[in-house]
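Below is one structure; the comments refer to it alone.
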Amino acid sequence: AGYLLHAVVAPRRALEATKSKLRAAGVRLAVEDCVGPRVPEHQAAARRFVAAAQSLSSRAQVLANSAPRAMEMVAPGKARVGWRRAELPEPPAGPAQYEAMLLQRYGLRVPAGTTNTPPPPRPTWEDLAVELQACASALQEIGEVTKVAGFDWSLDYSQGFEMLLPHLGPAKSAVQRLQAATLLALHQGRRDDAIEFLETQLRIVRGFPRNGMLIDELVRIAIGAIAWNTTWEALQDGDWTDAQLRRLQQAWQDTEFVDCMIRGLEMERALALGEYARCREDPGRLSNMLSAFGGLGATAPTPPAGSNLSDILRRVVEFFRRSGGGMHAQFWAWFRSWEDERCYLEATHTMIESARARSALGHPPRTLPLALSAGETFLPKDPWMDSAKIRRHLLAATILPSLGSAMSKAYRVQMQREMALTAIALKRHQLRNETLPEELAEVVPAYLSEVPLDWMDGMPLALLLAAGWAGML
């Protein structure tokens, strides 16, 4: 009895001591501390934005099938300029057209009785222009509503990881439509409209709530990458004015990713601590979560084979199956959940504080690794995780591996932000001096306050001018 009492009480006391220490240091562990005050204006703006984005999607049939492609890579270091293409991409063929296309390509006869429905006519830039003209009111509404300081999606955080997230799809869809509108404006020489559409894309990036979940930040990164590709397309136009380029540079200057990801990890941590409490009350919930994260659920994405995340999750699920599932979940809830939660808490704290230290420096110092794979105190460098740790920390082993990769994505898109600012500064220098500078120091302080640092290694960015590429920034 004394041993059992110690097995239950000691881990729980250790967890409470860890939480007390973190709270004393000002660490936010509760969801309500991460959410912040509700702003009615931001809630109204979010509702207007979702309605306009859904209206835009319902009317954009050409965009859904044959949107112009931005920064389409054709070879290492080379990309095709989408708005300069004479034709839009072909629409995707249905199964019958695809089969007929393969038969024709390889010189085979079409089987008797097969009906070859001709593919739909290839859309043109004119078709896209007509469609976007029909969407003009929705585009204008999105442009206006994104000028509000931010969005509040009124999410029900009490549902934990099961909360509905109806805003993510419309946000990404709106940015994709705005990218097409930007490329059409560039194709037609309407540069003021192109800048306005690009600014709207970046305002959507900035409009995501500062108290979002991890998935919010990952979508923010995804739409930031779309805006990055669109910016590259815009810089291939040689007829910009300095005032237009200054607007675009300011839009990127106001956009940030790393600090937002840190806040997203804080919210994710608070939600996960609530999930630990729910799984203790209902051990069957742990069974369902492990099944979903292990790729057993119908809607859960399966991690890439051979990846660190895939190996860990597979071993978690395999052990869970061998150990009888529900019985082991009950044992976990009684004895091991406290140590599991403390391990998760310490690992996420290490990761968040490391990221915050890098953000304070403005770049990752070379003495720190690029990404902490869910906390070096928890995961070994070897991709094969220790089986004993998996048995003790089932929930932590399921949740933690994806967090380190999320932080790496934030660093990567932050680097793209620095490159966008630098490319625009080079373009402005070229516009004024009719030539590119020999080194980046020449654009300081006229167009950049300082030479940007590389978020990958902490070194200053370097400028390499290749022969024949003077106009391709």
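In the structure tokens, chains take letters A, B, ... by order of appearance, with residues numbered from 1 within each chain and ligands from 1 in the order shown.
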
Residues within 12 Å of Gln188 in chain A, only C-alpha atoms, excluding chain neighbours under 4 positions, as a PDB file with all heavy atoms, in the first residue's frame:
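Dumped to part30.pdb:
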ATOM      1  N   TRP A  83       2.583  35.378 -64.543  1.00  0.00           N
ATOM      2  CA  TRP A  83       1.772  36.401 -65.189  1.00  0.00           C
ATOM      3  C   TRP A  83       2.245  36.730 -66.597  1.00  0.00           C
ATOM      4  O   TRP A  83       1.527  37.380 -67.366  1.00  0.00           O
ATOM      5  CB  TRP A  83       1.711  37.669 -64.333  1.00  0.00           C
ATOM      6  CG  TRP A  83       3.037  38.339 -64.067  1.00  0.00           C
ATOM      7  CD1 TRP A  83       3.840  38.138 -62.995  1.00  0.00           C
ATOM      8  CD2 TRP A  83       3.686  39.337 -64.868  1.00  0.00           C
ATOM      9  NE1 TRP A  83       4.962  38.942 -63.067  1.00  0.00           N
ATOM     10  CE2 TRP A  83       4.884  39.686 -64.210  1.00  0.00           C
ATOM     11  CE3 TRP A  83       3.374  39.962 -66.067  1.00  0.00           C
ATOM     12  CZ2 TRP A  83       5.772  40.630 -64.716  1.00  0.00           C
ATOM     13  CZ3 TRP A  83       4.263  40.908 -66.575  1.00  0.00           C
ATOM     14  CH2 TRP A  83       5.439  41.236 -65.894  1.00  0.00           C
ATOM     15  N   ARG A  84       3.435  36.267 -66.972  1.00  0.00           N
ATOM     16  CA  ARG A  84       3.929  36.489 -68.336  1.00  0.00           C
ATOM     17  C   ARG A  84       3.503  35.385 -69.299  1.00  0.00           C
ATOM     18  O   ARG A  84       3.717  35.504 -70.506  1.00  0.00           O
ATOM     19  CB  ARG A  84       5.459  36.577 -68.323  1.00  0.00           C
ATOM     20  CG  ARG A  84       5.991  37.886 -67.751  1.00  0.00           C
ATOM     21  CD  ARG A  84       7.498  37.903 -67.786  1.00  0.00           C
ATOM     22  NE  ARG A  84       8.038  39.165 -67.281  1.00  0.00           N
ATOM     23  CZ  ARG A  84       9.309  39.353 -66.977  1.00  0.00           C
ATOM     24  NH1 ARG A  84      10.179  38.358 -67.107  1.00  0.00           N
ATOM     25  NH2 ARG A  84       9.723  40.531 -66.538  1.00  0.00           N
ATOM     26  N   ARG A  85       2.928  34.314 -68.786  1.00  0.00           N
ATOM     27  CA  ARG A  85       2.526  33.219 -69.656  1.00  0.00           C
ATOM     28  C   ARG A  85       1.354  33.643 -70.539  1.00  0.00           C
ATOM     29  O   ARG A  85       0.457  34.369 -70.117  1.00  0.00           O
ATOM     30  CB  ARG A  85       2.131  31.995 -68.831  1.00  0.00           C
ATOM     31  CG  ARG A  85       3.270  31.429 -67.998  1.00  0.00           C
ATOM     32  CD  ARG A  85       2.856  30.171 -67.276  1.00  0.00           C
ATOM     33  NE  ARG A  85       2.541  29.090 -68.211  1.00  0.00           N
ATOM     34  CZ  ARG A  85       2.198  27.857 -67.841  1.00  0.00           C
ATOM     35  NH1 ARG A  85       2.111  27.566 -66.553  1.00  0.00           N
ATOM     36  NH2 ARG A  85       1.923  26.948 -68.736  1.00  0.00           N
ATOM     37  N   ALA A  86       1.356  33.133 -71.763  1.00  0.00           N
ATOM     38  CA  ALA A  86       0.287  33.490 -72.691  1.00  0.00           C
ATOM     39  C   ALA A  86      -1.017  32.794 -72.341  1.00  0.00           C
ATOM     40  O   ALA A  86      -2.105  33.316 -72.616  1.00  0.00           O
ATOM     41  CB  ALA A  86       0.692  33.144 -74.123  1.00  0.00           C
ATOM     42  N   TRP A 125      -6.920  34.124 -69.965  1.00  0.00           N
ATOM     43  CA  TRP A 125      -6.815  35.250 -69.052  1.00  0.00           C
ATOM     44  C   TRP A 125      -8.101  36.075 -69.072  1.00  0.00           C
ATOM     45  O   TRP A 125      -8.518  36.623 -68.050  1.00  0.00           O
ATOM     46  CB  TRP A 125      -5.630  36.129 -69.439  1.00  0.00           C
ATOM     47  CG  TRP A 125      -4.296  35.558 -69.096  1.00  0.00           C
ATOM     48  CD1 TRP A 125      -3.418  34.941 -69.937  1.00  0.00           C
ATOM     49  CD2 TRP A 125      -3.671  35.552 -67.803  1.00  0.00           C
ATOM     50  NE1 TRP A 125      -2.293  34.544 -69.261  1.00  0.00           N
ATOM     51  CE2 TRP A 125      -2.410  34.914 -67.943  1.00  0.00           C
ATOM     52  CE3 TRP A 125      -4.037  36.015 -66.540  1.00  0.00           C
ATOM     53  CZ2 TRP A 125      -1.534  34.737 -66.877  1.00  0.00           C
ATOM     54  CZ3 TRP A 125      -3.167  35.846 -65.477  1.00  0.00           C
ATOM     55  CH2 TRP A 125      -1.930  35.215 -65.644  1.00  0.00           C
ATOM     56  N   GLU A 126      -8.736  36.150 -70.255  1.00  0.00           N
ATOM     57  CA  GLU A 126      -9.998  36.889 -70.355  1.00  0.00           C
ATOM     58  C   GLU A 126     -11.087  36.228 -69.503  1.00  0.00           C
ATOM     59  O   GLU A 126     -11.882  36.922 -68.853  1.00  0.00           O
ATOM     60  CB  GLU A 126     -10.436  36.983 -71.820  1.00  0.00           C
ATOM     61  CG  GLU A 126      -9.582  37.913 -72.680  1.00  0.00           C
ATOM     62  CD  GLU A 126      -8.192  37.329 -72.983  1.00  0.00           C
ATOM     63  OE1 GLU A 126      -8.042  36.076 -72.870  1.00  0.00           O
ATOM     64  OE2 GLU A 126      -7.280  38.108 -73.302  1.00  0.00           O
ATOM     65  N   LEU A 128     -10.572  34.499 -66.815  1.00  0.00           N
ATOM     66  CA  LEU A 128     -10.229  34.811 -65.424  1.00  0.00           C
ATOM     67  C   LEU A 128     -10.639  36.236 -65.070  1.00  0.00           C
ATOM     68  O   LEU A 128     -11.147  36.504 -63.977  1.00  0.00           O
ATOM     69  CB  LEU A 128      -8.730  34.609 -65.212  1.00  0.00           C
ATOM     70  CG  LEU A 128      -8.202  34.879 -63.799  1.00  0.00           C
ATOM     71  CD1 LEU A 128      -8.854  33.949 -62.792  1.00  0.00           C
ATOM     72  CD2 LEU A 128      -6.683  34.712 -63.755  1.00  0.00           C
ATOM     73  N   ALA A 129     -10.422  37.164 -66.010  1.00  0.00           N
ATOM     74  CA  ALA A 129     -10.784  38.562 -65.766  1.00  0.00           C
ATOM     75  C   ALA A 129     -12.286  38.709 -65.563  1.00  0.00           C
ATOM     76  O   ALA A 129     -12.738  39.448 -64.670  1.00  0.00           O
ATOM     77  CB  ALA A 129     -10.314  39.436 -66.930  1.00  0.00           C
ATOM     78  N   ALA A 181      -5.661  37.115 -58.431  1.00  0.00           N
ATOM     79  CA  ALA A 181      -6.018  38.488 -58.786  1.00  0.00           C
ATOM     80  C   ALA A 181      -4.766  39.343 -58.971  1.00  0.00           C
ATOM     81  O   ALA A 181      -4.719  40.207 -59.867  1.00  0.00           O
ATOM     82  CB  ALA A 181      -6.919  39.082 -57.709  1.00  0.00           C
ATOM     83  N   THR A 182      -3.736  39.112 -58.158  1.00  0.00           N
ATOM     84  CA  THR A 182      -2.478  39.854 -58.291  1.00  0.00           C
ATOM     85  C   THR A 182      -1.814  39.544 -59.621  1.00  0.00           C
ATOM     86  O   THR A 182      -1.342  40.449 -60.337  1.00  0.00           O
ATOM     87  CB  THR A 182      -1.525  39.508 -57.140  1.00  0.00           C
ATOM     88  OG1 THR A 182      -2.175  39.723 -55.891  1.00  0.00           O
ATOM     89  CG2 THR A 182      -0.269  40.361 -57.204  1.00  0.00           C
ATOM     90  N   LEU A 183      -1.753  38.255 -59.975  1.00  0.00           N
ATOM     91  CA  LEU A 183      -1.096  37.877 -61.232  1.00  0.00           C
ATOM     92  C   LEU A 183      -1.860  38.419 -62.434  1.00  0.00           C
ATOM     93  O   LEU A 183      -1.254  38.829 -63.434  1.00  0.00           O
ATOM     94  CB  LEU A 183      -0.983  36.354 -61.314  1.00  0.00           C
ATOM     95  CG  LEU A 183      -0.119  35.685 -60.236  1.00  0.00           C
ATOM     96  CD1 LEU A 183       0.046  34.202 -60.519  1.00  0.00           C
ATOM     97  CD2 LEU A 183       1.240  36.344 -60.116  1.00  0.00           C
ATOM     98  N   LEU A 184      -3.201  38.414 -62.366  1.00  0.00           N
ATOM     99  CA  LEU A 184      -3.977  38.995 -63.457  1.00  0.00           C
ATOM    100  C   LEU A 184      -3.696  40.490 -63.574  1.00  0.00           C
ATOM    101  O   LEU A 184      -3.545  41.017 -64.693  1.00  0.00           O
ATOM    102  CB  LEU A 184      -5.469  38.755 -63.222  1.00  0.00           C
ATOM    103  CG  LEU A 184      -6.408  39.402 -64.241  1.00  0.00           C
ATOM    104  CD1 LEU A 184      -6.203  38.792 -65.627  1.00  0.00           C
ATOM    105  CD2 LEU A 184      -7.870  39.266 -63.813  1.00  0.00           C
ATOM    106  N   ASP A 192      -0.978  49.262 -59.500  1.00  0.00           N
ATOM    107  CA  ASP A 192      -1.573  49.717 -58.240  1.00  0.00           C
ATOM    108  C   ASP A 192      -2.507  48.661 -57.671  1.00  0.00           C
ATOM    109  O   ASP A 192      -2.523  48.408 -56.452  1.00  0.00           O
ATOM    110  CB  ASP A 192      -2.331  51.030 -58.456  1.00  0.00           C
ATOM    111  CG  ASP A 192      -1.402  52.228 -58.556  1.00  0.00           C
ATOM    112  OD1 ASP A 192      -0.286  52.144 -57.990  1.00  0.00           O
ATOM    113  OD2 ASP A 192      -1.771  53.225 -59.186  1.00  0.00           O
ATOM    114  N   ASP A 193      -3.300  48.020 -58.540  1.00  0.00           N
ATOM    115  CA  ASP A 193      -4.186  46.949 -58.074  1.00  0.00           C
ATOM    116  C   ASP A 193      -3.377  45.759 -57.575  1.00  0.00           C
ATOM    117  O   ASP A 193      -3.735  45.125 -56.567  1.00  0.00           O
ATOM    118  CB  ASP A 193      -5.113  46.501 -59.208  1.00  0.00           C
ATOM    119  CG  ASP A 193      -6.159  47.546 -59.553  1.00  0.00           C
ATOM    120  OD1 ASP A 193      -6.404  48.428 -58.703  1.00  0.00           O
ATOM    121  OD2 ASP A 193      -6.727  47.482 -60.661  1.00  0.00           O
ATOM    122  N   ALA A 194      -2.283  45.450 -58.266  1.00  0.00           N
ATOM    123  CA  ALA A 194      -1.443  44.321 -57.843  1.00  0.00           C
ATOM    124  C   ALA A 194      -0.877  44.560 -56.450  1.00  0.00           C
ATOM    125  O   ALA A 194      -0.869  43.649 -55.603  1.00  0.00           O
ATOM    126  CB  ALA A 194      -0.313  44.099 -58.852  1.00  0.00           C
ATOM    127  N   ASP A 237       8.440  42.382 -62.627  1.00  0.00           N
ATOM    128  CA  ASP A 237       7.994  43.532 -63.415  1.00  0.00           C
ATOM    129  C   ASP A 237       9.014  44.657 -63.228  1.00  0.00           C
ATOM    130  O   ASP A 237       9.343  45.016 -62.088  1.00  0.00           O
ATOM    131  CB  ASP A 237       6.602  43.971 -62.952  1.00  0.00           C
ATOM    132  CG  ASP A 237       5.965  44.983 -63.893  1.00  0.00           C
ATOM    133  OD1 ASP A 237       6.712  45.786 -64.498  1.00  0.00           O
ATOM    134  OD2 ASP A 237       4.730  44.974 -64.029  1.00  0.00           O
TER     135      ASP A 237
END

- Query: For Ala30 in chain A, which residue out of A:Arg12, A:Arg356, A:His328, A:Arg269 is the nearest one, using only C-alpha atoms?
  - Reply: A:Arg269

- Task: List every residue of range 137-193 of chain A that DSSP, applied to the backbone, labels as helix (DSSP H, G or I), and write the result as a VMD selection string.
- Result: chain A and resid 137 to 145 157 to 162 168 to 187 191 to 193

Pick out the residues sitting within 7 Å of Leu421 in chain A, and hand them over as an mmCIF file with N, CA and C atoms, in the first residue's frame; count only C-alpha atoms, and ignore anything fewer than 4 positions along from it in its own chain.
data_model
loop_
_atom_site.group_PDB
_atom_site.id
_atom_site.type_symbol
_atom_site.label_atom_id
_atom_site.label_comp_id
_atom_site.auth_asym_id
_atom_site.auth_seq_id
_atom_site.Cartn_x
_atom_site.Cartn_y
_atom_site.Cartn_z
ATOM 1 N N GLN A 249 7.258 46.967 -49.430
ATOM 2 C CA GLN A 249 8.279 46.715 -48.421
ATOM 3 C C GLN A 249 7.725 46.928 -47.018
ATOM 4 N N TRP A 252 5.597 43.933 -45.850
ATOM 5 C CA TRP A 252 6.409 42.813 -45.355
ATOM 6 C C TRP A 252 7.076 43.167 -44.036
ATOM 7 N N ARG A 417 10.738 36.186 -45.262
ATOM 8 C CA ARG A 417 10.401 37.595 -45.032
ATOM 9 C C ARG A 417 11.629 38.477 -45.192
ATOM 10 N N ALA A 425 14.389 46.023 -51.484
ATOM 11 C CA ALA A 425 15.402 47.072 -51.318
ATOM 12 C C ALA A 425 16.353 47.105 -52.519
#

- Item | Nearest residue to Ile352 in chain A from the set A:Arg432, A:Lys19, A:Arg191, A:Arg263 (distances using only C-alpha atoms) |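 Smallest separation from Ile352 in chain A among the options: A:Arg263.
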
- Considering only C-alpha atoms, return as JSON, numbers by chain whatever protein or nucleic-acid residues lie within 10 Å of Leu132 in chain A, sequence-local ones (same chain, fewer than 4 positions apart) excluded. {"A": [56, 59, 60, 62, 63, 126, 127, 128, 136, 137, 138, 139, 177, 178, 180, 181, 184]}

Selection above as a file: C-alpha atoms, as a PDB file, in the first residue's frame:
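Wrote again23.pdb, looks like this:
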ATOM      1  CA  LEU A  56     -15.456  34.497 -53.257  1.00  0.00           C
ATOM      2  CA  ARG A  59     -18.037  32.171 -57.533  1.00  0.00           C
ATOM      3  CA  ALA A  60     -14.468  31.282 -58.539  1.00  0.00           C
ATOM      4  CA  VAL A  62     -11.961  29.167 -63.231  1.00  0.00           C
ATOM      5  CA  LEU A  63      -9.769  29.898 -60.211  1.00  0.00           C
ATOM      6  CA  GLU A 126      -9.998  36.889 -70.355  1.00  0.00           C
ATOM      7  CA  ASP A 127     -12.099  34.183 -68.651  1.00  0.00           C
ATOM      8  CA  LEU A 128     -10.229  34.811 -65.424  1.00  0.00           C
ATOM      9  CA  ALA A 136     -15.128  42.342 -57.283  1.00  0.00           C
ATOM     10  CA  SER A 137     -17.459  43.072 -54.377  1.00  0.00           C
ATOM     11  CA  ALA A 138     -16.117  40.123 -52.335  1.00  0.00           C
ATOM     12  CA  LEU A 139     -12.513  41.143 -53.067  1.00  0.00           C
ATOM     13  CA  ARG A 177      -7.770  33.892 -54.903  1.00  0.00           C
ATOM     14  CA  LEU A 178      -5.944  37.113 -54.100  1.00  0.00           C
ATOM     15  CA  ALA A 180      -4.602  34.956 -58.825  1.00  0.00           C
ATOM     16  CA  ALA A 181      -6.018  38.488 -58.786  1.00  0.00           C
ATOM     17  CA  LEU A 184      -3.977  38.995 -63.457  1.00  0.00           C
TER      18      LEU A 184
END

- Message: Please determine, counting only C-alpha atoms, which residue among A:Asp152, A:Glu196, A:Glu87, A:Glu442 has the shortest atom-to-atom distance to Pro123 in chain A.
- Response: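 Ranked by minimum distance to Pro123 in chain A, first place goes to A:Glu87.
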
- Which residue of A:Leu273, A:Ala355, A:Ala149, A:Ile142 approaches His42 in chain A most closely, using only C-alpha atoms: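 Of A:Leu273, A:Ala355, A:Ala149, A:Ile142, the one nearest His42 in chain A, counting only C-alpha atoms, is A:Ala149.
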
- Note on the structure: Expressed in Å, the length from CA of Val258 in chain A to CA of Val27 in chain A is 18.0 Å

- Find, counting only C-alpha atoms, the residue in A:Ala396, A:Ala357, A:Ala45, A:Leu186 that gets nearest to Asp239 in chain A.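 Ranked by minimum distance to Asp239 in chain A, first place goes to A:Leu186.
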
- Item | Counting only C-alpha atoms, the option among A:Glu256, A:Gly404, A:Glu418, A:Cys343 closest to Thr18 in chain A |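 Result for the nearest residue to Thr18 in chain A: A:Cys343.
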
- Query: Separation of CA of Thr124 in chain A and CA of Ala185 in chain A, in Å?
  - Reply: 14.2 Å
